[in-house]
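Student: So I've got this file, final_22.pdb, and it contains PDB, C-alpha atoms:
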ATOM      1  CA  MET A   2      11.448  29.467  63.473
ATOM      2  CA  ASN A   3      11.425  32.134  66.158
ATOM      3  CA  GLU A   4      14.444  32.167  68.465
ATOM      4  CA  SER A   5      14.724  34.192  71.647
ATOM      5  CA  ASP A   6      16.573  34.328  74.948
ATOM      6  CA  LEU A   7      14.661  33.912  78.178
ATOM      7  CA  ARG A   8      16.361  35.233  81.317
ATOM      8  CA  LEU A   9      15.418  33.253  84.403
ATOM      9  CA  ALA A  10      15.040  34.638  87.913
ATOM     10  CA  GLY A  11      18.513  33.463  88.942
ATOM     11  CA  GLY A  12      20.180  35.114  85.956
ATOM     12  CA  ARG A  13      20.584  32.074  83.716
ATOM     13  CA  VAL A  14      19.544  32.365  80.077
ATOM     14  CA  LEU A  15      17.640  29.755  78.098
ATOM     15  CA  HIS A  16      17.773  29.962  74.315
ATOM     16  CA  VAL A  17      14.250  29.165  73.092
ATOM     17  CA  HIS A  18      13.054  27.839  69.720
ATOM     18  CA  ASP A  19       9.394  28.254  68.740
ATOM     19  CA  THR A  20       7.652  27.618  65.439
ATOM     20  CA  GLY A  21       4.713  29.764  66.608
ATOM     21  CA  PRO A  22       0.990  28.990  66.575
ATOM     22  CA  GLY A  23       0.855  28.747  62.789
ATOM     23  CA  ARG A  24      -2.353  28.536  60.796
ATOM     24  CA  ARG A  25      -4.060  26.027  63.102
ATOM     25  CA  ALA A  26      -4.171  27.562  66.552
ATOM     26  CA  ASP A  27      -6.161  24.554  67.789
ATOM     27  CA  GLY A  28      -3.224  22.213  67.225
ATOM     28  CA  PRO A  29      -1.199  20.812  70.117
ATOM     29  CA  VAL A  30       2.025  22.308  71.451
ATOM     30  CA  VAL A  31       4.888  19.816  71.626
ATOM     31  CA  PHE A  32       7.990  20.583  73.682
ATOM     32  CA  TRP A  33      10.999  18.899  72.075
ATOM     33  CA  HIS A  34      13.887  17.592  74.232
ATOM     34  CA  HIS A  35      17.104  17.104  72.317
ATOM     35  CA  GLY A  36      19.745  14.409  72.616
ATOM     36  CA  THR A  37      23.415  14.513  73.587
ATOM     37  CA  PRO A  38      25.173  16.497  72.226
ATOM     38  CA  ASN A  39      22.652  18.619  70.300
ATOM     39  CA  ILE A  40      21.228  22.094  70.449
ATOM     40  CA  GLY A  41      17.501  22.408  70.960
ATOM     41  CA  ALA A  42      16.255  23.158  67.457
ATOM     42  CA  PRO A  43      13.167  20.967  66.856
ATOM     43  CA  PRO A  44      13.495  18.083  64.360
ATOM     44  CA  ALA A  45      13.188  19.559  60.884
ATOM     45  CA  PRO A  46      12.549  16.154  59.220
ATOM     46  CA  LEU A  47       9.271  16.014  61.163
ATOM     47  CA  PHE A  48       8.144  19.517  60.209
ATOM     48  CA  PRO A  49       5.921  18.400  57.294
ATOM     49  CA  ALA A  50       4.033  15.977  59.545
ATOM     50  CA  ALA A  51       3.807  18.596  62.277
ATOM     51  CA  ALA A  52       2.389  21.136  59.838
ATOM     52  CA  ARG A  53      -0.218  18.631  58.680
ATOM     53  CA  LEU A  54      -1.248  18.002  62.279
ATOM     54  CA  GLY A  55      -1.160  21.647  63.305
ATOM     55  CA  ILE A  56       1.617  21.028  65.833
ATOM     56  CA  ARG A  57       3.536  23.952  67.301
ATOM     57  CA  TRP A  58       7.095  23.034  68.272
ATOM     58  CA  VAL A  59       8.685  24.681  71.302
ATOM     59  CA  SER A  60      12.098  23.778  72.677
ATOM     60  CA  HIS A  61      15.223  25.175  74.281
ATOM     61  CA  ASP A  62      18.941  24.488  74.291
ATOM     62  CA  ARG A  63      19.647  22.554  77.489
ATOM     63  CA  PRO A  64      21.945  24.420  79.897
ATOM     64  CA  GLY A  65      25.498  24.525  78.585
ATOM     65  CA  TYR A  66      24.508  24.066  74.942
ATOM     66  CA  GLY A  67      24.135  26.701  72.238
ATOM     67  CA  GLY A  68      22.755  29.926  73.646
ATOM     68  CA  SER A  69      21.783  28.590  77.090
ATOM     69  CA  SER A  70      23.849  29.316  80.189
ATOM     70  CA  PRO A  71      25.609  26.403  81.894
ATOM     71  CA  CYS A  72      24.093  24.993  85.055
ATOM     72  CA  PRO A  73      26.686  22.691  86.646
ATOM     73  CA  GLY A  74      25.184  20.061  88.892
ATOM     74  CA  ARG A  75      21.848  20.035  87.098
ATOM     75  CA  THR A  76      19.802  16.859  87.301
ATOM     76  CA  VAL A  77      17.430  15.295  84.801
ATOM     77  CA  ALA A  78      14.581  16.664  86.921
ATOM     78  CA  SER A  79      15.911  20.202  86.443
ATOM     79  CA  ALA A  80      14.377  20.189  82.968
ATOM     80  CA  ALA A  81      10.891  20.502  84.444
ATOM     81  CA  ALA A  82      11.517  23.921  85.982
ATOM     82  CA  ASP A  83      13.092  25.180  82.756
ATOM     83  CA  VAL A  84      10.168  23.971  80.652
ATOM     84  CA  ARG A  85       7.712  25.532  83.099
ATOM     85  CA  ALA A  86       9.530  28.854  82.748
ATOM     86  CA  VAL A  87       9.450  28.685  78.940
ATOM     87  CA  ALA A  88       5.777  27.694  78.884
ATOM     88  CA  ASP A  89       4.859  30.503  81.268
ATOM     89  CA  ALA A  90       6.794  33.056  79.212
ATOM     90  CA  LEU A  91       4.962  31.955  76.047
ATOM     91  CA  ASP A  92       1.584  31.784  77.822
ATOM     92  CA  ILE A  93       1.235  28.066  77.104
ATOM     93  CA  ASP A  94      -0.864  26.227  79.663
ATOM     94  CA  ARG A  95      -0.877  22.581  78.625
ATOM     95  CA  PHE A  96       1.360  20.757  76.184
ATOM     96  CA  ALA A  97       2.842  17.423  75.140
ATOM     97  CA  VAL A  98       6.521  16.507  75.358
ATOM     98  CA  MET A  99       8.779  14.458  73.110
ATOM     99  CA  GLY A 100      12.432  13.551  73.529
ATOM    100  CA  HIS A 101      15.034  11.537  71.658
ATOM    101  CA  SER A 102      17.957   9.682  73.241
ATOM    102  CA  GLY A 103      19.157  11.780  76.191
ATOM    103  CA  GLY A 104      16.109  13.949  75.651
ATOM    104  CA  GLY A 105      13.910  10.998  76.611
ATOM    105  CA  PRO A 106      14.656  11.147  80.352
ATOM    106  CA  HIS A 107      14.183  14.922  80.322
ATOM    107  CA  ALA A 108      10.795  14.536  78.628
ATOM    108  CA  LEU A 109       9.801  11.934  81.216
ATOM    109  CA  ALA A 110      10.911  14.297  84.010
ATOM    110  CA  CYS A 111       8.548  16.980  82.738
ATOM    111  CA  THR A 112       5.727  14.434  82.553
ATOM    112  CA  ALA A 113       6.276  13.290  86.136
ATOM    113  CA  LEU A 114       6.885  16.705  87.694
ATOM    114  CA  LEU A 115       4.488  18.843  85.637
ATOM    115  CA  ALA A 116       1.603  16.397  85.759
ATOM    116  CA  ASP A 117      -0.981  19.180  85.729
ATOM    117  CA  ARG A 118       0.366  20.537  82.445
ATOM    118  CA  VAL A 119       1.724  17.648  80.371
ATOM    119  CA  LEU A 120      -0.909  15.948  78.222
ATOM    120  CA  ALA A 121       1.202  13.076  76.872
ATOM    121  CA  VAL A 122       4.815  12.080  76.287
ATOM    122  CA  VAL A 123       6.841  10.307  73.623
ATOM    123  CA  SER A 124      10.315   9.026  74.496
ATOM    124  CA  VAL A 125      12.377   7.786  71.549
ATOM    125  CA  ALA A 126      15.422   5.587  72.274
ATOM    126  CA  GLY A 127      15.526   6.959  75.811
ATOM    127  CA  LEU A 128      17.654   5.831  78.725
ATOM    128  CA  ALA A 129      16.345   4.180  81.867
ATOM    129  CA  PRO A 130      17.549   5.456  85.268
ATOM    130  CA  PHE A 131      21.108   4.477  86.175
ATOM    131  CA  ASP A 132      19.851   2.823  89.363
ATOM    132  CA  ALA A 133      17.121   0.872  87.528
ATOM    133  CA  GLU A 134      16.477  -2.235  89.578
ATOM    134  CA  GLY A 135      16.871  -5.473  87.636
ATOM    135  CA  LEU A 136      18.448  -3.816  84.560
ATOM    136  CA  ASP A 137      22.013  -4.513  83.426
ATOM    137  CA  TRP A 138      22.397  -0.877  82.387
ATOM    138  CA  PHE A 139      25.473  -1.239  80.163
ATOM    139  CA  ALA A 140      24.588  -4.591  78.558
ATOM    140  CA  GLY A 141      24.486  -4.272  74.775
ATOM    141  CA  MET A 142      25.892  -0.743  74.795
ATOM    142  CA  ASN A 143      28.627   0.127  72.294
ATOM    143  CA  PRO A 144      32.016   0.008  74.100
ATOM    144  CA  SER A 145      32.872   3.657  73.450
ATOM    145  CA  GLY A 146      29.529   4.868  74.779
ATOM    146  CA  ALA A 147      29.752   2.595  77.794
ATOM    147  CA  ALA A 148      33.263   3.864  78.567
ATOM    148  CA  SER A 149      32.053   7.462  78.408
ATOM    149  CA  LEU A 150      29.181   6.856  80.817
ATOM    150  CA  ARG A 151      31.299   4.716  83.139
ATOM    151  CA  ALA A 152      33.685   7.652  83.385
ATOM    152  CA  ALA A 153      30.760   9.913  84.281
ATOM    153  CA  ALA A 154      29.743   7.482  87.009
ATOM    154  CA  ARG A 155      33.193   8.012  88.574
ATOM    155  CA  GLY A 156      32.557  11.758  88.846
ATOM    156  CA  ARG A 157      33.170  15.028  87.040
ATOM    157  CA  GLY A 158      36.954  14.796  87.078
ATOM    158  CA  ALA A 159      36.990  11.350  85.502
ATOM    159  CA  LYS A 160      34.407  12.389  82.912
ATOM    160  CA  GLU A 161      36.335  15.527  81.960
ATOM    161  CA  HIS A 162      39.557  13.510  81.631
ATOM    162  CA  HIS A 163      37.827  10.918  79.471
ATOM    163  CA  GLN A 164      36.139  13.519  77.293
ATOM    164  CA  ALA A 165      39.444  15.260  76.576
ATOM    165  CA  GLY A 166      40.590  12.227  74.620
ATOM    166  CA  ALA A 167      37.283  11.020  73.235
ATOM    167  CA  VAL A 168      36.769  10.638  69.488
ATOM    168  CA  PHE A 169      33.674   9.815  67.471
ATOM    169  CA  ASP A 170      33.142   6.073  67.064
ATOM    170  CA  PRO A 171      31.044   5.304  63.969
ATOM    171  CA  GLU A 172      30.492   1.762  65.246
ATOM    172  CA  MET A 173      28.009   3.091  67.775
ATOM    173  CA  PHE A 174      25.540   3.379  64.912
ATOM    174  CA  THR A 175      24.018   0.532  62.912
ATOM    175  CA  PRO A 176      23.924   0.414  59.099
ATOM    176  CA  ALA A 177      20.307   1.600  59.334
ATOM    177  CA  ASP A 178      21.465   4.556  61.440
ATOM    178  CA  HIS A 179      24.138   5.492  58.917
ATOM    179  CA  ALA A 180      21.556   5.293  56.135
ATOM    180  CA  ALA A 181      19.318   7.648  58.104
ATOM    181  CA  LEU A 182      22.221  10.071  58.586
ATOM    182  CA  ALA A 183      22.920   9.985  54.860
ATOM    183  CA  GLY A 184      19.253  10.638  54.118
ATOM    184  CA  PRO A 185      16.421  12.434  55.900
ATOM    185  CA  TRP A 186      18.199  12.644  59.245
ATOM    186  CA  SER A 187      21.300  14.377  57.877
ATOM    187  CA  TRP A 188      19.670  17.184  59.904
ATOM    188  CA  PHE A 189      21.706  15.979  62.882
ATOM    189  CA  ALA A 190      24.743  17.731  61.390
ATOM    190  CA  ASP A 191      22.894  21.013  61.945
ATOM    191  CA  VAL A 192      22.389  20.407  65.665
ATOM    192  CA  VAL A 193      25.519  18.494  66.720
ATOM    193  CA  GLY A 194      28.161  20.905  65.411
ATOM    194  CA  PRO A 195      26.769  24.016  67.148
ATOM    195  CA  ALA A 196      26.315  22.006  70.355
ATOM    196  CA  VAL A 197      30.045  21.411  70.768
ATOM    197  CA  GLU A 198      31.429  24.650  69.300
ATOM    198  CA  SER A 199      32.035  26.077  72.764
ATOM    199  CA  GLY A 200      33.411  22.850  74.204
ATOM    200  CA  PRO A 201      32.047  19.704  75.829
ATOM    201  CA  GLY A 202      30.492  21.336  78.900
ATOM    202  CA  GLY A 203      26.886  20.576  78.000
ATOM    203  CA  LEU A 204      27.698  16.983  77.079
ATOM    204  CA  ILE A 205      29.585  16.451  80.342
ATOM    205  CA  ASP A 206      26.715  17.854  82.407
ATOM    206  CA  ASP A 207      24.259  15.661  80.493
ATOM    207  CA  ASP A 208      26.214  12.464  81.124
ATOM    208  CA  LEU A 209      26.690  13.278  84.799
ATOM    209  CA  ALA A 210      22.933  13.796  85.100
ATOM    210  CA  TYR A 211      22.156  10.444  83.466
ATOM    211  CA  VAL A 212      24.254   8.453  85.955
ATOM    212  CA  THR A 213      23.148  10.231  89.148
ATOM    213  CA  PRO A 214      19.679  10.200  90.762
ATOM    214  CA  TRP A 215      17.212  11.692  88.303
ATOM    215  CA  GLY A 216      15.018  13.423  90.881
ATOM    216  CA  PHE A 217      11.795  11.584  90.017
ATOM    217  CA  ARG A 218      10.500   8.052  89.619
ATOM    218  CA  PRO A 219       9.147   6.908  86.223
ATOM    219  CA  GLU A 220       6.533   4.862  88.110
ATOM    220  CA  LEU A 221       4.845   8.136  89.120
ATOM    221  CA  ILE A 222       4.068   9.142  85.517
ATOM    222  CA  THR A 223       0.320   9.174  84.911
ATOM    223  CA  ALA A 224       0.036  10.833  81.487
ATOM    224  CA  PRO A 225      -0.315   8.713  78.326
ATOM    225  CA  THR A 226       3.175   7.490  77.424
ATOM    226  CA  LEU A 227       4.556   6.147  74.149
ATOM    227  CA  LEU A 228       8.027   4.599  74.043
ATOM    228  CA  LEU A 229       9.761   4.022  70.703
ATOM    229  CA  HIS A 230      12.925   1.933  70.561
ATOM    230  CA  GLY A 231      15.034   0.194  67.954
ATOM    231  CA  ALA A 232      15.781  -3.423  68.802
ATOM    232  CA  ARG A 233      19.288  -3.032  67.323
ATOM    233  CA  ASP A 234      20.145   0.169  69.213
ATOM    234  CA  ARG A 235      23.831   0.214  70.219
ATOM    235  CA  VAL A 236      23.741   3.585  71.994
ATOM    236  CA  VAL A 237      20.798   2.971  74.342
ATOM    237  CA  PRO A 238      20.080  -0.775  74.323
ATOM    238  CA  SER A 239      16.469  -1.791  73.836
ATOM    239  CA  ALA A 240      16.336  -3.259  77.352
ATOM    240  CA  HIS A 241      16.108   0.339  78.604
ATOM    241  CA  GLY A 242      12.875   0.846  76.692
ATOM    242  CA  ARG A 243      11.473  -2.440  77.958
ATOM    243  CA  TRP A 244      12.348  -1.534  81.551
ATOM    244  CA  LEU A 245      10.550   1.811  81.260
ATOM    245  CA  ALA A 246       7.523   0.194  79.634
ATOM    246  CA  ASP A 247       7.270  -2.240  82.537
ATOM    247  CA  ARG A 248       7.365   0.567  85.127
ATOM    248  CA  ILE A 249       5.363   3.446  83.666
ATOM    249  CA  PRO A 250       1.653   2.720  84.196
ATOM    250  CA  GLY A 251      -0.139   2.125  80.909
ATOM    251  CA  ALA A 252       2.912   2.884  78.760
ATOM    252  CA  GLU A 253       2.868   1.654  75.164
ATOM    253  CA  LEU A 254       6.154   0.289  73.796
ATOM    254  CA  ARG A 255       6.686   0.165  70.045
ATOM    255  CA  MET A 256       9.823  -1.877  69.390
ATOM    256  CA  SER A 257      11.152  -1.585  65.846
ATOM    257  CA  PRO A 258      13.035  -4.835  65.074
ATOM    258  CA  ASP A 259      15.394  -3.535  62.380
ATOM    259  CA  ASP A 260      16.122  -0.043  63.707
ATOM    260  CA  GLY A 261      18.983   1.430  65.657
ATOM    261  CA  HIS A 262      19.380   4.608  67.659
ATOM    262  CA  LEU A 263      18.706   7.099  64.859
ATOM    263  CA  SER A 264      16.761   5.153  62.264
ATOM    264  CA  VAL A 265      13.986   4.585  64.821
ATOM    265  CA  LEU A 266      13.084   8.233  64.216
ATOM    266  CA  SER A 267      11.473   7.051  60.986
ATOM    267  CA  ALA A 268       8.533   6.282  63.290
ATOM    268  CA  GLY A 269       8.431   9.924  64.370
ATOM    269  CA  GLU A 270       5.488  10.820  62.150
ATOM    270  CA  SER A 271       3.285   8.115  63.654
ATOM    271  CA  ALA A 272       4.374   9.273  67.119
ATOM    272  CA  LEU A 273       3.230  12.807  66.317
ATOM    273  CA  GLU A 274      -0.101  11.449  65.126
ATOM    274  CA  TRP A 275      -0.401   9.651  68.465
ATOM    275  CA  LEU A 276       0.448  12.856  70.348
ATOM    276  CA  ALA A 277      -2.096  14.822  68.365
ATOM    277  CA  THR A 278      -4.861  12.609  69.727
ATOM    278  CA  HIS A 279      -4.033  13.672  73.293
ATOM    279  CA  ARG A 280      -5.141  17.296  73.396
ATOM    280  CA  GLY A 281      -6.871  17.262  76.748
ATOM    281  CA  THR A 282     -10.199  18.908  77.404
TER     282      THR A 282
END
Here is a file; write its structure as structure tokens.
Tutor:
Amino acid sequence: MNESDLRLAGGRVLHVHDTGPGRRADGPVVFWHHGTPNIGAPPAPLFPAAARLGIRWVSHDRPGYGGSSPCPGRTVASAAADVRAVADALDIDRFAVMGHSGGGPHALACTALLADRVLAVVSVAGLAPFDAEGLDWFAGMNPSGAASLRAAARGRGAKEHHQAGAVFDPEMFTPADHAALAGPWSWFADVVGPAVESGPGGLIDDDLAYVTPWGFRPELITAPTLLLHGARDRVVPSAHGRWLADRIPGAELRMSPDDGHLSVLSAGESALEWLATHRGT
């Protein structure tokens, strides 16, 4: 893994992760968008599948996490400009995007706003917009997660106050999720701890972005779209995935009946195989 710091025109720094072209330079580039709260290191449990498919992972710590400068007031749409800057710096023209959880909306933002560059997108257990018409946004959400996002909807002050007393609630995850954390997806310990070492700033900015206008409409996405969701998800209820599938033209929804928010990543290898078929011309 190559790691570097990219200084943007306004002075902000993005900390970039890049596995490099590898042995198969013809393989696709996949930009990974991490969840909340994580740093941007690409998902190590999927590295063997990526190597088999010749996939090059590129990602960055979202502003306020890890080595990336904070950017208070950022929106979900802000991710597109950051990804464009990283792609330009690495001389990458076209690429696919993949995001998990809170990374899902950011991956969709890149797909909508960088339509000339994004070949395809995978969103895993991703949120729908807060103003999604016809969706009871909080229905089925674990109480602790709902309380955190309701606080964000009341503004930065309320979110900061709530976060100061927040504690981890293991009930947000299903038994299948806990099994995943005890097994192949124990990797999350490597990306959650560093994400909060410097405080909750990145997490707060993420949650504020989720519950304010995203800056794009999912209906405008034209690239091939795959949505993965666990039917038992307590963090982002499966209705969010269904709502997105109904709005994004041609989107494919793969609903996993026994999976939760993390265990659904067991379908990550098949998602990469799907991405690898969309290499453009």
Student: Which residues, named as in the file, does the PyMOL selection byres ((chain A and resi 80) around 12) pick out? Answer as a VMD selection string.
Tutor: chain A and resid 15 32 to 35 60 to 64 72 75 to 79 81 to 87 98 100 103 to 115 207 210 215 to 217
Student: Mind listing whatever residues come within 7 Å of the point (16.3, 5.5, 80.8)? Use all atoms listed in the file, file coordinates, and give them as a list of chain:residue names.
Tutor: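 Those within range, by chain then number, are A:Pro106, A:Gly127, A:Leu128, A:Ala129, A:Pro130, A:His241, A:Leu245.
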Student: Create the file for the chosen residues now, containing C-alpha atoms and written as a CSV table (one decimal), in the frame of the given file.
Tutor:
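And here's out.csv as it stands now:
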chain,number,residue,atom,x,y,z
A,106,PRO,CA,14.7,11.1,80.4
A,127,GLY,CA,15.5,7.0,75.8
A,128,LEU,CA,17.7,5.8,78.7
A,129,ALA,CA,16.3,4.2,81.9
A,130,PRO,CA,17.5,5.5,85.3
A,241,HIS,CA,16.1,0.3,78.6
A,245,LEU,CA,10.6,1.8,81.3
Student: Counting only C-alpha atoms, figure out which residue out of A:Gly28, A:Gly55, A:Pro46, A:Pro250 gets nearest to Arg95 of chain A.
Tutor: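 That would be A:Gly28, the residue with the smallest distance to Arg95 of chain A.
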Student: Please return as a list of chain:residue names every residue within 6 Å of (17.7, 9.5, 71.8), taking into account all atoms listed in the file and the file's own coordinates.
Tutor: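 Counting all atoms listed in the file, I find these residues within 6 Å of (17.7, 9.5, 71.8): A:Gly36, A:His101, A:Ser102, A:Gly103, A:Val125, A:Ala126, A:Gly127.
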Student: Hey, what's within 7 Å of Pro258 of chain A if we count all atoms listed in the file and toss same-chain stuff fewer than 4 positions away? As a PDB file with C-alpha atoms, in the coordinates of the input, please?
Tutor:
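Output (out.pdb):
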ATOM      1  CA  GLY A 231      15.034   0.194  67.954  1.00  0.00           C
ATOM      2  CA  ALA A 232      15.781  -3.423  68.802  1.00  0.00           C
ATOM      3  CA  ARG A 233      19.288  -3.032  67.323  1.00  0.00           C
TER       4      ARG A 233
END
Student: List the spatial neighbours of Ala154 of chain A as a compact mmCIF listing (two decimals) with C-alpha atoms, in the frame of the given file - criterion: any atom at most 10 Å away, only C-alpha atoms, same-chain residues fewer than 6 positions off excluded.
Tutor:
# COMPACT_ATOMS: atom_id res chain seq x y z
CA PHE A 131 21.11 4.48 86.18
CA ALA A 148 33.26 3.86 78.57
CA LYS A 160 34.41 12.39 82.91
CA ASP A 208 26.21 12.46 81.12
CA LEU A 209 26.69 13.28 84.80
CA ALA A 210 22.93 13.80 85.10
CA TYR A 211 22.16 10.44 83.47
CA VAL A 212 24.25 8.45 85.96
CA THR A 213 23.15 10.23 89.15
Student: List the residues matched by the PyMOL selection byres ((chain A and resi 195) around 12) in the displayed structure as a PyMOL selection string, ordered by chain and then by residue number.
Tutor: chain A and resi 37-42+62+65-68+189-194+196-201+203
Student: Export, as an mmCIF file, in the frame of the given file, the selected residues with C-alpha atoms.
Tutor:
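Generated file (again_12.cif):
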data_model
loop_
_atom_site.group_PDB
_atom_site.id
_atom_site.type_symbol
_atom_site.label_atom_id
_atom_site.label_comp_id
_atom_site.auth_asym_id
_atom_site.auth_seq_id
_atom_site.Cartn_x
_atom_site.Cartn_y
_atom_site.Cartn_z
ATOM 1 C CA THR A 37 23.415 14.513 73.587
ATOM 2 C CA PRO A 38 25.173 16.497 72.226
ATOM 3 C CA ASN A 39 22.652 18.619 70.300
ATOM 4 C CA ILE A 40 21.228 22.094 70.449
ATOM 5 C CA GLY A 41 17.501 22.408 70.960
ATOM 6 C CA ALA A 42 16.255 23.158 67.457
ATOM 7 C CA ASP A 62 18.941 24.488 74.291
ATOM 8 C CA GLY A 65 25.498 24.525 78.585
ATOM 9 C CA TYR A 66 24.508 24.066 74.942
ATOM 10 C CA GLY A 67 24.135 26.701 72.238
ATOM 11 C CA GLY A 68 22.755 29.926 73.646
ATOM 12 C CA PHE A 189 21.706 15.979 62.882
ATOM 13 C CA ALA A 190 24.743 17.731 61.390
ATOM 14 C CA ASP A 191 22.894 21.013 61.945
ATOM 15 C CA VAL A 192 22.389 20.407 65.665
ATOM 16 C CA VAL A 193 25.519 18.494 66.720
ATOM 17 C CA GLY A 194 28.161 20.905 65.411
ATOM 18 C CA ALA A 196 26.315 22.006 70.355
ATOM 19 C CA VAL A 197 30.045 21.411 70.768
ATOM 20 C CA GLU A 198 31.429 24.650 69.300
ATOM 21 C CA SER A 199 32.035 26.077 72.764
ATOM 22 C CA GLY A 200 33.411 22.850 74.204
ATOM 23 C CA PRO A 201 32.047 19.704 75.829
ATOM 24 C CA GLY A 203 26.886 20.576 78.000
#
Student: Could you please determine the separation between atom CA of Gly74 of chain A and atom CA of Glu161 of chain A in Å, to one decimal place?
Tutor: 13.9 Å
Student: Could you tell me how far atom CA of Pro238 of chain A sits from atom CA of Met142 of chain A, in Å to one decimal place?
Tutor: 5.8 Å
